[in-house]
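The data block below is work_29.txt; it holds compact mmCIF, C-alpha atoms.
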# COMPACT_ATOMS: atom_id res chain seq x y z
CA MET I 1329 -33.72 -0.47 -17.25
CA GLN I 1330 -31.16 2.33 -17.64
CA ASN I 1331 -29.60 3.85 -14.57
CA THR I 1332 -30.73 7.24 -13.29
CA ILE I 1333 -28.85 10.11 -11.69
CA TYR I 1334 -30.68 12.43 -9.31
CA THR I 1335 -29.07 15.45 -7.64
CA PHE I 1336 -30.39 16.59 -4.26
CA PRO I 1337 -30.51 20.31 -3.30
CA SER I 1338 -27.25 19.95 -1.35
CA GLY I 1339 -25.40 18.69 -4.43
CA LEU I 1340 -25.35 15.06 -3.28
CA LYS I 1341 -25.95 12.66 -6.18
CA LEU I 1342 -27.90 9.42 -6.29
CA ALA I 1343 -27.05 6.92 -9.03
CA HIS I 1344 -29.63 4.14 -9.27
CA LYS I 1345 -30.27 1.06 -11.37
CA LYS I 1346 -33.16 -1.34 -10.79
CA VAL I 1347 -32.44 -5.01 -11.48
CA ASP I 1348 -35.58 -7.12 -11.30
CA ASN I 1349 -34.29 -10.68 -11.55
CA ILE I 1350 -32.08 -10.67 -8.42
CA ARG I 1351 -32.66 -10.39 -4.67
CA SER I 1352 -29.46 -8.50 -3.81
CA VAL I 1353 -28.85 -4.78 -3.47
CA SER I 1354 -25.41 -3.20 -3.62
CA LEU I 1355 -24.97 0.17 -1.93
CA GLY I 1356 -21.90 2.35 -2.36
CA VAL I 1357 -21.20 5.74 -0.82
CA PHE I 1358 -18.55 7.48 -2.94
CA PHE I 1359 -16.54 10.55 -1.98
CA GLY I 1360 -14.34 12.38 -4.44
CA VAL I 1361 -11.28 12.20 -2.25
CA GLY I 1362 -8.19 10.06 -2.75
CA SER I 1363 -4.43 10.35 -2.95
CA ALA I 1364 -4.68 12.81 -5.87
CA ASN I 1365 -6.38 15.34 -3.58
CA GLU I 1366 -3.61 15.23 -1.01
CA THR I 1367 -0.39 17.16 -0.52
CA ALA I 1368 3.09 15.78 0.01
CA GLU I 1369 2.65 16.51 3.72
CA ASN I 1370 -0.65 14.65 4.21
CA ASN I 1371 -0.34 11.97 1.50
CA GLY I 1372 -2.05 8.83 2.82
CA ILE I 1373 -4.66 10.61 4.91
CA SER I 1374 -7.61 9.53 2.71
CA HIS I 1375 -6.68 5.87 3.17
CA MET I 1376 -6.15 6.38 6.90
CA ILE I 1377 -9.62 7.92 7.22
CA GLU I 1378 -11.13 4.95 5.38
CA HIS I 1379 -9.66 2.63 8.02
CA MET I 1380 -10.78 4.80 10.92
CA MET I 1381 -14.39 4.98 9.77
CA PHE I 1382 -14.84 1.39 10.98
CA LYS I 1383 -13.36 1.99 14.46
CA GLY I 1384 -16.43 3.16 16.30
CA THR I 1385 -19.14 5.82 16.24
CA LYS I 1386 -21.18 7.70 18.82
CA ASN I 1387 -23.71 4.86 18.59
CA ARG I 1388 -21.72 1.69 17.78
CA SER I 1389 -18.43 0.14 18.78
CA ALA I 1390 -15.99 -1.13 16.15
CA PHE I 1391 -17.17 -4.69 16.79
CA GLY I 1392 -20.79 -3.55 16.91
CA ILE I 1393 -20.53 -2.20 13.35
CA VAL I 1394 -19.38 -5.45 11.76
CA GLU I 1395 -21.48 -7.62 14.08
CA GLU I 1396 -24.67 -5.80 13.15
CA LEU I 1397 -23.94 -6.03 9.44
CA GLU I 1398 -22.49 -9.52 9.17
CA GLY I 1399 -25.06 -10.83 11.66
CA ASN I 1400 -27.70 -9.88 9.10
CA GLY I 1401 -25.86 -11.48 6.20
CA ILE I 1402 -24.52 -8.15 4.94
CA GLN I 1403 -21.06 -7.88 3.39
CA VAL I 1404 -19.27 -4.59 4.05
CA ASN I 1405 -15.97 -3.13 2.89
CA ALA I 1406 -14.31 0.00 1.54
CA PHE I 1407 -11.52 1.10 -0.77
CA THR I 1408 -9.44 4.18 -1.46
CA SER I 1409 -8.10 5.01 -4.92
CA LYS I 1410 -6.35 7.94 -6.57
CA LEU I 1411 -9.62 9.83 -7.08
CA MET I 1412 -12.15 8.49 -4.61
CA THR I 1413 -13.00 6.65 -1.43
CA CYS I 1414 -15.95 4.25 -1.41
CA TYR I 1415 -17.77 2.51 1.45
CA TYR I 1416 -20.06 -0.27 0.30
CA THR I 1417 -22.36 -3.11 1.28
CA ILE I 1418 -24.13 -5.93 -0.48
CA SER I 1419 -27.20 -7.46 1.07
CA ILE I 1420 -30.53 -9.06 0.31
CA ASP I 1421 -33.16 -6.47 -0.57
CA GLU I 1422 -34.97 -6.61 2.78
CA GLU I 1423 -31.80 -5.50 4.62
CA ILE I 1424 -31.04 -2.41 2.54
CA GLU I 1425 -32.26 0.08 5.16
CA LYS I 1426 -29.96 -1.55 7.71
CA CYS I 1427 -27.10 -0.90 5.27
CA PHE I 1428 -28.06 2.77 4.97
CA ASP I 1429 -28.41 3.07 8.73
CA VAL I 1430 -24.98 1.66 9.55
CA LEU I 1431 -23.06 3.30 6.68
CA SER I 1432 -24.54 6.69 7.49
CA ASP I 1433 -23.59 6.21 11.14
CA ILE I 1434 -19.94 5.43 10.40
CA LEU I 1435 -19.66 8.23 7.83
CA LEU I 1436 -21.39 10.91 9.89
CA ASN I 1437 -20.69 9.92 13.49
CA SER I 1438 -17.28 8.23 13.65
CA THR I 1439 -15.40 9.32 16.76
CA PHE I 1440 -11.82 8.74 15.53
CA ASP I 1441 -10.81 7.58 18.97
CA GLU I 1442 -7.15 8.40 19.63
CA LYS I 1443 -6.32 4.96 21.05
CA GLU I 1444 -7.91 3.29 18.03
CA LEU I 1445 -5.98 5.65 15.76
CA GLU I 1446 -2.65 4.61 17.26
CA LYS I 1447 -3.56 0.94 16.75
CA GLU I 1448 -4.73 1.53 13.21
CA LYS I 1449 -1.54 3.36 12.34
CA SER I 1450 0.29 0.11 13.06
CA VAL I 1451 -2.13 -1.75 10.78
CA VAL I 1452 -1.53 0.69 7.91
CA LEU I 1453 2.23 0.56 8.45
CA GLU I 1454 2.00 -3.22 8.09
CA GLU I 1455 0.02 -2.70 4.89
CA ILE I 1456 2.83 -0.49 3.59
CA SER I 1457 5.36 -3.18 4.54
CA ILE I 1458 3.39 -5.83 2.65
CA SER I 1459 3.33 -3.59 -0.43
CA ASP I 1460 7.05 -2.86 -0.09
CA ASP I 1461 7.75 -6.60 0.05
CA ASP I 1462 5.97 -7.17 -3.27
CA PRO I 1463 8.38 -6.17 -6.06
CA GLN I 1464 5.57 -5.98 -8.61
CA ASP I 1465 3.67 -3.52 -6.40
CA VAL I 1466 6.84 -1.49 -5.97
CA CYS I 1467 7.46 -1.51 -9.72
CA LEU I 1468 3.96 -0.29 -10.58
CA GLU I 1469 3.97 2.36 -7.85
CA LEU I 1470 7.33 3.59 -9.11
CA LEU I 1471 5.96 3.65 -12.65
CA SER I 1472 3.04 5.86 -11.59
CA SER I 1473 5.39 8.30 -9.86
CA LEU I 1474 7.62 8.43 -12.94
CA TYR I 1475 4.80 8.92 -15.43
CA TYR I 1476 2.91 11.55 -13.45
CA ASP I 1477 6.06 13.12 -11.99
CA SER I 1478 4.99 16.21 -9.99
CA HIS I 1479 1.28 15.74 -10.82
CA ALA I 1480 -1.08 14.82 -7.99
CA LEU I 1481 -1.81 11.41 -9.55
CA ALA I 1482 1.79 10.41 -8.81
CA ARG I 1483 1.12 10.16 -5.07
CA PRO I 1484 0.76 6.64 -3.60
CA ILE I 1485 -2.55 5.74 -2.01
CA LEU I 1486 -1.01 4.35 1.18
CA GLY I 1487 1.21 7.37 1.76
CA SER I 1488 4.58 7.28 3.51
CA ARG I 1489 5.51 5.80 6.88
CA GLU I 1490 6.40 9.27 8.13
CA ASN I 1491 3.03 10.73 7.16
CA VAL I 1492 1.01 7.84 8.57
CA SER I 1493 2.88 8.05 11.87
CA SER I 1494 2.21 11.79 12.11
CA PHE I 1495 -1.58 11.78 11.62
CA THR I 1496 -3.63 13.09 14.54
CA ARG I 1497 -7.32 12.91 15.34
CA ASP I 1498 -7.74 16.63 14.66
CA MET I 1499 -6.08 16.29 11.25
CA LEU I 1500 -8.45 13.49 10.25
CA LEU I 1501 -11.59 15.28 11.45
CA LYS I 1502 -10.60 18.49 9.68
CA TYR I 1503 -9.91 16.60 6.45
CA VAL I 1504 -13.26 14.82 6.60
CA ASN I 1505 -15.10 18.10 7.10
CA GLU I 1506 -13.29 19.69 4.16
CA HIS I 1507 -13.49 16.78 1.71
CA TYR I 1508 -16.45 14.54 2.61
CA THR I 1509 -18.77 17.10 1.12
CA ALA I 1510 -22.15 16.97 -0.55
CA ASN I 1511 -20.95 18.34 -3.87
CA SER I 1512 -18.17 15.74 -4.13
CA SER I 1513 -20.19 12.66 -3.18
CA CYS I 1514 -22.48 10.14 -4.80
CA ILE I 1515 -24.57 7.29 -3.44
CA SER I 1516 -24.89 4.39 -5.85
CA VAL I 1517 -27.68 1.82 -5.42
CA VAL I 1518 -28.09 -1.18 -7.73
CA GLY I 1519 -30.36 -4.19 -7.38
CA ASN I 1520 -33.87 -5.10 -6.38
CA ILE I 1521 -34.95 -1.67 -5.18
CA SER I 1522 -37.04 1.02 -6.87
CA PHE I 1523 -35.75 4.51 -7.58
CA ASP I 1524 -38.32 6.05 -5.23
CA ASP I 1525 -37.29 3.79 -2.36
CA ALA I 1526 -33.60 4.47 -2.95
CA LYS I 1527 -34.23 8.21 -3.10
CA SER I 1528 -36.23 8.11 0.15
CA LEU I 1529 -33.43 6.26 1.95
CA VAL I 1530 -30.76 8.66 0.72
CA LYS I 1531 -32.92 11.60 1.81
CA LYS I 1532 -33.50 10.03 5.23
CA TYR I 1533 -29.93 9.07 6.03
CA PHE I 1534 -27.63 11.43 4.08
CA GLU I 1535 -29.24 14.47 2.45
CA GLY I 1536 -28.53 17.67 4.37
CA LYS I 1537 -26.10 15.93 6.73
CA LEU I 1538 -22.82 16.25 4.81
CA SER I 1539 -20.51 19.24 4.80
CA THR I 1540 -21.53 21.90 2.26
CA ILE I 1541 -18.01 23.23 1.70
CA GLU I 1542 -17.42 23.58 -2.05
CA VAL I 1543 -14.39 21.53 -3.08
CA ASP I 1544 -12.69 21.14 -6.46
CA TRP I 1545 -11.44 17.56 -6.30
CA LYS I 1546 -11.04 16.46 -9.93
CA ASP I 1547 -7.69 15.69 -11.55
CA LYS I 1548 -6.11 18.12 -14.01
CA LEU I 1549 -4.59 17.32 -17.40
CA HIS I 1550 -0.99 16.13 -17.26
CA THR I 1551 1.49 16.23 -20.15
CA THR I 1552 4.16 13.59 -19.78
CA LYS I 1553 7.67 13.07 -21.10
CA GLN I 1554 9.97 10.07 -21.34
CA ASN I 1555 11.16 8.98 -17.89
CA TYR I 1556 13.01 6.09 -16.25
CA GLY I 1557 13.55 4.94 -12.69
CA TYR I 1558 14.64 1.81 -10.84
CA LYS I 1559 14.95 0.28 -7.39
CA ILE I 1560 17.42 -2.47 -6.61
CA LYS I 1561 15.91 -5.25 -4.50
CA ASP I 1562 17.42 -8.64 -3.70
CA VAL I 1563 14.54 -10.71 -5.05
CA GLU I 1564 14.32 -13.73 -7.34
CA GLN I 1565 12.11 -12.08 -9.96
CA ALA I 1566 12.93 -8.97 -11.95
CA ASN I 1567 10.02 -6.67 -12.74
CA PHE I 1568 9.72 -3.96 -15.33
CA ALA I 1569 6.71 -1.95 -16.49
CA LEU I 1570 5.96 0.58 -19.17
CA SER I 1571 3.36 3.34 -19.12
CA PHE I 1572 2.07 5.06 -22.26
CA PRO I 1573 -0.43 7.91 -22.64
CA SER I 1574 -4.02 6.77 -23.08
CA TYR I 1575 -7.52 8.24 -22.90
CA PRO I 1576 -9.53 9.65 -19.97
CA MET I 1577 -12.83 8.26 -18.77
CA ARG I 1578 -15.60 8.02 -21.37
CA HIS I 1579 -13.40 9.33 -24.18
CA GLU I 1580 -14.79 8.63 -27.64
CA ASN I 1581 -11.89 6.21 -28.18
CA GLU I 1582 -12.64 4.20 -25.04
CA PRO I 1583 -13.98 1.20 -27.03
CA LEU I 1584 -10.79 1.24 -29.10
CA ILE I 1585 -8.44 1.16 -26.10
CA GLU I 1586 -10.53 -1.64 -24.59
CA ILE I 1587 -9.96 -3.67 -27.77
CA ILE I 1588 -6.25 -2.82 -27.86
CA ASN I 1589 -5.82 -3.90 -24.25
CA VAL I 1590 -7.55 -7.26 -24.68
CA ALA I 1591 -5.84 -8.08 -27.97
CA PHE I 1592 -2.34 -6.98 -26.98
CA GLY I 1593 -1.93 -7.97 -23.34
CA GLY I 1594 -5.24 -8.46 -21.57
CA GLY I 1595 -5.51 -12.23 -21.49
CA MET I 1596 -3.96 -15.60 -22.27
CA SER I 1597 -4.84 -15.33 -25.96
CA SER I 1598 -3.27 -11.87 -26.24
CA ARG I 1599 -0.24 -11.23 -28.41
CA LEU I 1600 2.12 -10.39 -25.54
CA PHE I 1601 1.18 -13.50 -23.56
CA GLN I 1602 1.49 -15.78 -26.55
CA VAL I 1603 4.84 -14.38 -27.70
CA ILE I 1604 6.65 -13.41 -24.48
CA ARG I 1605 5.51 -16.37 -22.37
CA GLU I 1606 4.34 -19.15 -24.66
CA GLU I 1607 6.72 -18.82 -27.62
CA LEU I 1608 9.84 -17.32 -26.05
CA GLY I 1609 9.43 -18.50 -22.45
CA LEU I 1610 10.81 -15.19 -21.17
CA ALA I 1611 8.29 -14.46 -18.42
CA TYR I 1612 5.77 -16.14 -16.18
CA SER I 1613 3.70 -12.96 -15.85
CA VAL I 1614 3.12 -10.55 -18.73
CA TYR I 1615 0.00 -8.45 -19.11
CA SER I 1616 -1.41 -5.02 -19.92
CA TYR I 1617 -4.16 -2.84 -18.48
CA LYS I 1618 -5.56 0.66 -18.81
CA ASN I 1619 -6.11 3.35 -16.19
CA SER I 1620 -8.69 6.05 -16.88
CA TYR I 1621 -9.11 9.20 -14.81
CA ILE I 1622 -11.23 12.30 -15.43
CA ASP I 1623 -8.68 14.12 -17.58
CA ASN I 1624 -5.90 11.56 -17.86
CA GLY I 1625 -5.25 7.96 -18.83
CA THR I 1626 -2.44 5.44 -19.16
CA PHE I 1627 -1.83 2.14 -20.91
CA VAL I 1628 0.48 -0.11 -18.89
CA ILE I 1629 2.50 -3.21 -19.78
CA ALA I 1630 3.98 -5.20 -16.89
CA VAL I 1631 6.47 -8.09 -17.01
CA SER I 1632 7.97 -10.34 -14.34
CA THR I 1633 10.98 -12.33 -15.49
CA ASN I 1634 14.32 -13.84 -14.47
CA PRO I 1635 17.02 -11.17 -13.91
CA ASN I 1636 19.12 -12.85 -16.60
CA SER I 1637 16.26 -12.49 -19.09
CA VAL I 1638 15.48 -8.79 -18.59
CA GLU I 1639 17.34 -7.61 -21.68
CA LYS I 1640 15.73 -10.24 -23.92
CA ALA I 1641 12.29 -9.52 -22.48
CA LEU I 1642 12.70 -5.76 -22.97
CA LYS I 1643 13.69 -6.24 -26.59
CA ALA I 1644 10.88 -8.72 -27.18
CA VAL I 1645 8.26 -6.29 -25.85
CA LYS I 1646 9.72 -3.48 -27.96
CA THR I 1647 9.66 -5.74 -31.04
CA GLU I 1648 5.99 -6.57 -30.51
CA ILE I 1649 5.07 -2.91 -30.04
CA ASP I 1650 6.95 -1.94 -33.20
CA LYS I 1651 5.27 -4.74 -35.15
CA LEU I 1652 1.89 -3.61 -33.89
CA LYS I 1653 2.51 0.04 -34.80
CA GLU I 1654 3.70 -0.93 -38.26
CA ASN I 1655 1.21 -3.65 -39.18
CA GLY I 1656 -1.68 -3.32 -36.74
CA PHE I 1657 -3.77 -6.19 -35.45
CA THR I 1658 -4.91 -9.03 -37.62
CA LYS I 1659 -8.60 -9.44 -38.40
CA GLU I 1660 -8.61 -12.59 -36.26
CA GLU I 1661 -7.10 -10.82 -33.22
CA PHE I 1662 -9.53 -7.95 -33.62
CA GLU I 1663 -12.65 -10.11 -33.81
CA ARG I 1664 -11.53 -12.32 -30.91
CA ALA I 1665 -10.99 -9.26 -28.70
CA LYS I 1666 -14.42 -7.88 -29.55
CA LYS I 1667 -16.12 -11.15 -28.64
CA GLN I 1668 -14.16 -11.33 -25.38
CA LEU I 1669 -15.23 -7.80 -24.45
CA ARG I 1670 -18.88 -8.45 -25.28
CA GLY I 1671 -18.83 -11.40 -22.90
CA THR I 1672 -17.01 -9.50 -20.15
CA PHE I 1673 -19.34 -6.49 -20.31
CA THR I 1674 -22.49 -8.62 -20.51
CA ILE I 1675 -21.52 -10.82 -17.56
CA GLY I 1676 -20.57 -7.70 -15.58
CA GLN I 1677 -24.17 -6.49 -15.83
CA GLU I 1678 -25.27 -9.54 -13.87
CA SER I 1679 -23.32 -8.43 -10.78
CA SER I 1680 -25.03 -5.76 -8.71
CA MET I 1681 -21.67 -4.96 -7.09
CA SER I 1682 -19.92 -4.48 -10.44
CA MET I 1683 -22.70 -2.25 -11.73
CA MET I 1684 -22.85 -0.29 -8.47
CA ARG I 1685 -19.18 0.61 -8.83
CA ALA I 1686 -19.49 1.47 -12.52
CA ILE I 1687 -22.51 3.76 -12.26
CA GLY I 1688 -21.28 5.35 -9.04
CA ARG I 1689 -17.86 6.16 -10.50
CA ASN I 1690 -19.40 7.58 -13.67
CA ALA I 1691 -21.93 9.72 -11.81
CA LEU I 1692 -19.36 11.03 -9.35
CA CYS I 1693 -16.59 11.80 -11.82
CA LEU I 1694 -18.50 12.79 -14.96
CA ASP I 1695 -22.08 13.44 -13.81
CA LYS I 1696 -23.15 11.00 -16.52
CA THR I 1697 -25.03 7.72 -16.50
CA PHE I 1698 -23.13 4.55 -17.27
CA ASP I 1699 -24.63 2.73 -20.23
CA VAL I 1700 -22.95 -0.64 -20.72
CA ASP I 1701 -25.02 -1.24 -23.85
CA GLU I 1702 -23.56 1.94 -25.30
CA LEU I 1703 -20.07 0.65 -24.51
CA ILE I 1704 -20.88 -2.70 -26.14
CA ASP I 1705 -22.25 -0.87 -29.17
CA GLY I 1706 -19.03 1.13 -29.33
CA VAL I 1707 -17.04 -2.09 -29.40
CA ASP I 1708 -19.37 -3.65 -31.97
CA ASN I 1709 -19.18 -0.60 -34.23
CA ALA I 1710 -15.40 -0.20 -34.00
CA THR I 1711 -13.51 -1.15 -37.12
CA LEU I 1712 -10.08 -2.67 -37.46
CA GLU I 1713 -9.01 0.54 -39.20
CA ASP I 1714 -10.20 2.60 -36.21
CA VAL I 1715 -8.16 0.51 -33.79
CA ASN I 1716 -5.01 0.47 -35.89
CA ARG I 1717 -5.32 4.23 -36.47
CA VAL I 1718 -4.86 5.11 -32.78
CA LEU I 1719 -1.94 2.76 -32.08
CA GLY I 1720 0.53 5.55 -32.80
CA GLU I 1721 -1.22 7.83 -30.30
CA ILE I 1722 -0.90 5.23 -27.55
CA PHE I 1723 2.57 3.84 -28.18
CA ASP I 1724 4.47 7.13 -28.19
CA TYR I 1725 8.02 6.40 -27.00
CA ASP I 1726 8.71 10.10 -26.36
CA LYS I 1727 5.97 10.11 -23.71
CA MET I 1728 6.49 6.70 -22.08
CA SER I 1729 7.88 5.88 -18.66
CA LEU I 1730 9.71 2.69 -17.69
CA SER I 1731 10.35 1.34 -14.20
CA TYR I 1732 12.57 -1.54 -13.11
CA VAL I 1733 12.65 -3.32 -9.74
CA GLY I 1734 14.94 -6.27 -9.02
CA ARG I 1735 18.57 -7.24 -8.76
CA GLU I 1736 21.32 -5.15 -10.29
CA ILE I 1737 21.37 -5.77 -14.05
CA GLY I 1738 24.28 -3.52 -15.00
CA PHE I 1739 22.53 -1.43 -17.63
CA ASN I 1740 19.92 1.28 -18.10
CA ALA I 1741 16.70 -0.60 -18.93
CA LEU I 1742 15.18 2.33 -20.85
CA GLU I 1743 18.26 2.76 -23.03
CA ARG I 1744 18.35 -0.97 -23.71
CA PHE I 1745 14.63 -0.95 -24.51
CA MET I 1746 14.97 1.92 -26.97
CA ASN I 1747 18.06 0.52 -28.65

Can you dump the structure from the file as structure tokens?
Amino acid sequence: MQNTIYTFPSGLKLAHKKVDNIRSVSLGVFFGVGSANETAENNGISHMIEHMMFKGTKNRSAFGIVEELEGNGIQVNAFTSKLMTCYYTISIDEEIEKCFDVLSDILLNSTFDEKELEKEKSVVLEEISISDDDPQDVCLELLSSLYYDSHALARPILGSRENVSSFTRDMLLKYVNEHYTANSSCISVVGNISFDDAKSLVKKYFEGKLSTIEVDWKDKLHTTKQNYGYKIKDVEQANFALSFPSYPMRHENEPLIEIINVAFGGGMSSRLFQVIREELGLAYSVYSYKNSYIDNGTFVIAVSTNPNSVEKALKAVKTEIDKLKENGFTKEEFERAKKQLRGTFTIGQESSMSMMRAIGRNALCLDKTFDVDELIDGVDNATLEDVNRVLGEIFDYDKMSLSYVGREIGFNALERFMN
């Protein structure tokens, strides 16, 4: 059964997919608010609010929230990204109303207690420290800031220590009222539940209860230019990453970039892994991935290597990109990537949680249903010529960014990469 999108009078969306052969139901409440909606002064506030939503409501204590859910076998969590914040549960079908009850309570009635806020600030500051201690995290965060420059997507999700320390209860409540709005939210329900039942629960627990302030929360198109940045850290591994322009969500070339990612750096059989790690032994970790936003997208290559091998690894990656642009993929690489994607997409349909995220994100960001069969068909119908045709659009050196994090290497990594 295909998923359905229903829009309530307030603007709140319901994305639903019935799955008959399972007993679980995944529920996600999505809000179109993340680090890309913030300013330099309040960067990190979306993530801080996500944490505080679990710290007590008018009806439940912080412990009472998790006790009531976990005591009924319900898993609960949340995440904040560049574009959205999502609160979600997964439960057996008979507990779905309990999930709606508790999630609506934390999202509509959280008290943002000032003592809890001070404690949670310390937790988030520790989270920032953990990220700062991971050179790969630092490298990828730096890469995002370089590629998107002054664009809102450049802002880190966790924010800065200074911002986190400055947040007040009034700031959080005001931000929730202005951004947790009906027109920028979607409730995604996937599993053993009918559309009518899901609609009734959304109407009972959420419809008419969210702020009706109109908010324009979607990202805007960004035009990039070549950029380079580095941070010197006294660590054993050197990390560098490259970001190239790619396609936004549900672009007609999405199946093509999926194939490119899998064939070039998305697995152990990919070209980068086989050449950089297996043949040359230059890196333990080498991989690629794609990021897709509403109007923007990137294709990223990340490498962790010995500081003494950075120059060789840079040149090896550049050589493989140049070979790919000149000669394209082989028929064997192309067919292997297509089979891998078919398996990945098909298996993903068997997870109510995976489908809940996919249809919720699509409904929220694009107001469109997510049809995995359509995506599979796009992969199946793609030709080797189609894929090779767009390689030049992706691997544009004039629009790439490169970040380096590690010990001092004595040269400009971008210049060495290009030359």

- What's the 7 Å shell around Ile1485 of chain I, counting only C-alpha atoms, without same-chain residues fewer than 4 positions away, as a PyMOL selection string? chain I and resi 1363+1372+1375+1409-1410

- Message: If I take atom CA of Leu1570 of chain I and atom CA of Tyr1558 of chain I, how far is one from the other in Å, to one decimal?
- Response: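 Going from atom CA of Leu1570 of chain I over to atom CA of Tyr1558 of chain I covers 12.1 Å.
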
- Message: Given only C-alpha atoms as the basis, pick out the residue of I:Gly1360, I:Pro1576, I:Gly1401, I:Gly1688 nearest to Lys1546 of chain I.
- Response: I:Gly1360

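Atom pair atom CA of Cys1467 of chain I / atom CA of Gly1487 of chain I has a distance of 15.8 Å (rounded to one decimal).
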
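Counting only C-alpha atoms and comparing I:Thr1711, I:Thr1413, I:Gln1677, I:Ser1494, the residue that lies closest to Ile1377 of chain I is I:Thr1413.
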
- Query: Skipping near chain neighbours, those fewer than 5 positions away, what residues fall within 12 Å of Leu1529 of chain I using only C-alpha atoms, listed as a list in words?
  - Reply: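 Residues meeting the cut-off are Leu1342, Leu1355, Ile1424, Glu1425, Lys1426, Cys1427, Phe1428, Asp1429, Leu1431, Ser1432, Ile1515, Ser1516, Val1517, Ile1521, Ser1522, Phe1523, Asp1524, Phe1534 and Glu1535 of chain I.
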
- Task: Please provide the set of residues having any atom within 12 Å of Val1404 of chain I, restricted to all atoms listed in the file, with same-chain residues fewer than 5 positions apart removed, written as a list of chain:residue names.
- Result: I:Ser1354, I:Leu1355, I:Gly1356, I:Val1357, I:Phe1382, I:Ile1393, I:Val1394, I:Glu1395, I:Glu1396, I:Leu1397, I:Glu1398, I:Gly1399, I:Cys1414, I:Tyr1415, I:Tyr1416, I:Thr1417, I:Ile1418, I:Ser1419, I:Lys1426, I:Cys1427, I:Phe1428, I:Val1430, I:Leu1431, I:Ile1434, I:Met1681

- Task: Dump as a PyMOL selection string all residues having an atom at most 9 Å from (-12.5, 16.8, 2.0), computed in the file's coordinates with all atoms listed in the file.
- Result: chain I and resi 1359-1361+1365+1374+1502-1509+1512+1539+1541+1543+1545

- Task: Tell me which protein, DNA and RNA residues are within 8 Å of segment 1659-1664 of chain I, counting only C-alpha atoms, leaving out same-chain ones fewer than 2 positions away, and put them as a PyMOL selection string.
- Result: chain I and resi 1587+1591+1657+1666-1668+1712

- Considering all atoms listed in the file, state which residue in the set I:Gly1738, I:Gly1706, I:Pro1337, I:Gly1519 is at the smallest distance from Ile1585 of chain I.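 Under the stated criterion, the closest residue is I:Gly1706.
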
- Message: Would you pick out the contacts of segment 1598-1601 of chain I at 10 Å or less, using all atoms listed in the file, so that residues sharing its chain but fewer than 2 positions from it are not included, and give the list as a PyMOL selection string?
- Response: chain I and resi 1588-1596+1603-1609+1611-1616+1629+1631+1644-1645+1648-1649+1652+1657+1661+1664-1665

- Item | Neighbours of point (1.6, 14.3, 0.1) within 10 Å, using all atoms listed in the file, written as a PyMOL selection string | chain I and resi 1363-1373+1480+1482-1485+1487-1488+1491

- What does the distance between atom CA of Asp1498 of chain I and atom CA of Gly1392 of chain I come to in Å, to one decimal place?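 So the two atoms, atom CA of Asp1498 of chain I and atom CA of Gly1392 of chain I, lie 24.1 Å apart.
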
- Between I:Leu1742, I:Ala1686, I:Ile1704, I:Leu1730, single out the one closest to Leu1669 of chain I, counting only C-alpha atoms.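 Ranked by minimum distance to Leu1669 of chain I, first place goes to I:Ile1704.
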
- Task: Go through I:Asn1581, I:Gln1602, I:Ser1679, I:Thr1439 one by one, measure the shortest atom-to-atom distance of each to Val1715 of chain I using all atoms listed in the file, and give the residue with the smallest value.
- Result: I:Asn1581

- With distances taken over only C-alpha atoms, the candidate from I:Lys1449, I:Arg1578, I:Arg1351, I:Lys1651 nearest Cys1693 of chain I is I:Arg1578
